[in-house]
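Chemist: To start, I am sharing the structure in question, which I have written as structure tokens.
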Amino acid sequence: MAGPRTIIDDSINIKEDQYQHYTFEIKVPSTVSLTVTRVKGPAFEVYVVEKSDFDEWKNAANSLFGGQFHHFPDLSGTVNAKNPSHDRKGTLKAGTYVVIIDNTDFGSVSPPANFADDVVTARVKATLE
């Protein structure tokens, strides 16, 4: 039996009010391990959505008062100084998924209002088991 297969392995810089996303596909139900480590910068959020719900997330994020969208709470969360590493594991059915690293005002945290470009530097790794 083969070991875990890496599907995302990246170091990123995300400017304030921007997000980065990664798309991956799985052919059979699989356990996904997702680690997002904050290297520097403000608090940010991590979401995992089905590809078909990615537009729903973008619409909610761009809405004046936020909005609702479907995501996988077991794989999603906040990364900040007190919780600098987001280590989650969950089982997903066959399909196409999007991992979103969000450095915008949407969600429960947002970059500071200090008139500086608060860039998030993070390490993102995901594997399939």
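FYI, nothing fancy with the structure tokens labels: chains A, B, ... in order, residues from 1 per chain, ligands from 1 as they appear.
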Determine, counting only C-alpha atoms, which protein, DNA and RNA residues have an atom within 8 Å of an atom of Phe69 in chain A; residues of the same chain fewer than 6 positions away are not included. Present the result as a list in words.

Modeler: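 The residues satisfying every condition are Asp53, Glu56, Trp57 and Ala60 of chain A.
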
Chemist: Those residues you just picked out, can you put them in a file as a CSV table (one decimal), in the first residue's frame with N, CA and C atoms?

Modeler:
chain,number,residue,atom,x,y,z
A,53,ASP,N,-18.7,25.2,-4.9
A,53,ASP,CA,-19.1,26.2,-3.9
A,53,ASP,C,-18.1,27.4,-3.8
A,56,GLU,N,-19.6,30.6,-4.5
A,56,GLU,CA,-20.5,31.0,-3.4
A,56,GLU,C,-19.6,31.7,-2.3
A,57,TRP,N,-18.4,31.1,-2.1
A,57,TRP,CA,-17.5,31.7,-1.1
A,57,TRP,C,-17.1,33.1,-1.6
A,60,ALA,N,-19.9,35.6,-1.0
A,60,ALA,CA,-20.0,35.9,0.4
A,60,ALA,C,-18.9,36.8,0.8

Chemist: So which residues of chain A fall under alpha helix (DSSP H) by DSSP, listed as number ranges by chain?

Modeler: A: 54-62

Chemist: Once you have the residues from the selection above, write them out as a PDB file, in the first residue's frame, restricted to N, CA and C atoms.

Modeler:
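The new file part_7.pdb reads:
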ATOM      1  N   PHE A  54     -17.010  27.329  -4.657  1.00  0.00           N
ATOM      2  CA  PHE A  54     -15.989  28.377  -4.611  1.00  0.00           C
ATOM      3  C   PHE A  54     -16.590  29.741  -4.985  1.00  0.00           C
ATOM      4  N   ASP A  55     -17.429  29.797  -6.010  1.00  0.00           N
ATOM      5  CA  ASP A  55     -18.083  31.061  -6.371  1.00  0.00           C
ATOM      6  C   ASP A  55     -18.977  31.550  -5.239  1.00  0.00           C
ATOM      7  N   GLU A  56     -19.632  30.633  -4.543  1.00  0.00           N
ATOM      8  CA  GLU A  56     -20.461  30.991  -3.396  1.00  0.00           C
ATOM      9  C   GLU A  56     -19.596  31.664  -2.322  1.00  0.00           C
ATOM     10  N   TRP A  57     -18.394  31.124  -2.066  1.00  0.00           N
ATOM     11  CA  TRP A  57     -17.478  31.729  -1.104  1.00  0.00           C
ATOM     12  C   TRP A  57     -17.064  33.120  -1.572  1.00  0.00           C
ATOM     13  N   LYS A  58     -16.690  33.263  -2.856  1.00  0.00           N
ATOM     14  CA  LYS A  58     -16.268  34.564  -3.375  1.00  0.00           C
ATOM     15  C   LYS A  58     -17.393  35.593  -3.251  1.00  0.00           C
ATOM     16  N   ASN A  59     -18.627  35.190  -3.554  1.00  0.00           N
ATOM     17  CA  ASN A  59     -19.759  36.111  -3.423  1.00  0.00           C
ATOM     18  C   ASN A  59     -19.968  36.520  -1.969  1.00  0.00           C
ATOM     19  N   ALA A  60     -19.858  35.568  -1.043  1.00  0.00           N
ATOM     20  CA  ALA A  60     -20.015  35.878   0.382  1.00  0.00           C
ATOM     21  C   ALA A  60     -18.895  36.806   0.842  1.00  0.00           C
ATOM     22  N   ALA A  61     -17.670  36.543   0.405  1.00  0.00           N
ATOM     23  CA  ALA A  61     -16.523  37.353   0.814  1.00  0.00           C
ATOM     24  C   ALA A  61     -16.617  38.773   0.269  1.00  0.00           C
ATOM     25  N   ASN A  62     -17.243  38.949  -0.878  1.00  0.00           N
ATOM     26  CA  ASN A  62     -17.358  40.272  -1.497  1.00  0.00           C
ATOM     27  C   ASN A  62     -18.626  41.011  -1.104  1.00  0.00           C
TER      28      ASN A  62
END

Chemist: Rank A:Asp105, A:Asp17, A:Asp87, A:Glu129 by their smallest atom-to-atom distance to Ser30 in chain A, using only C-alpha atoms, and report the top residue only.

Modeler: A:Glu129

Chemist: Just checking: using only C-alpha atoms, which residue out of A:Val28, A:Gly95, A:Thr35, A:Phe44 ends up closest to Ile8 in chain A?

Modeler: A:Thr35
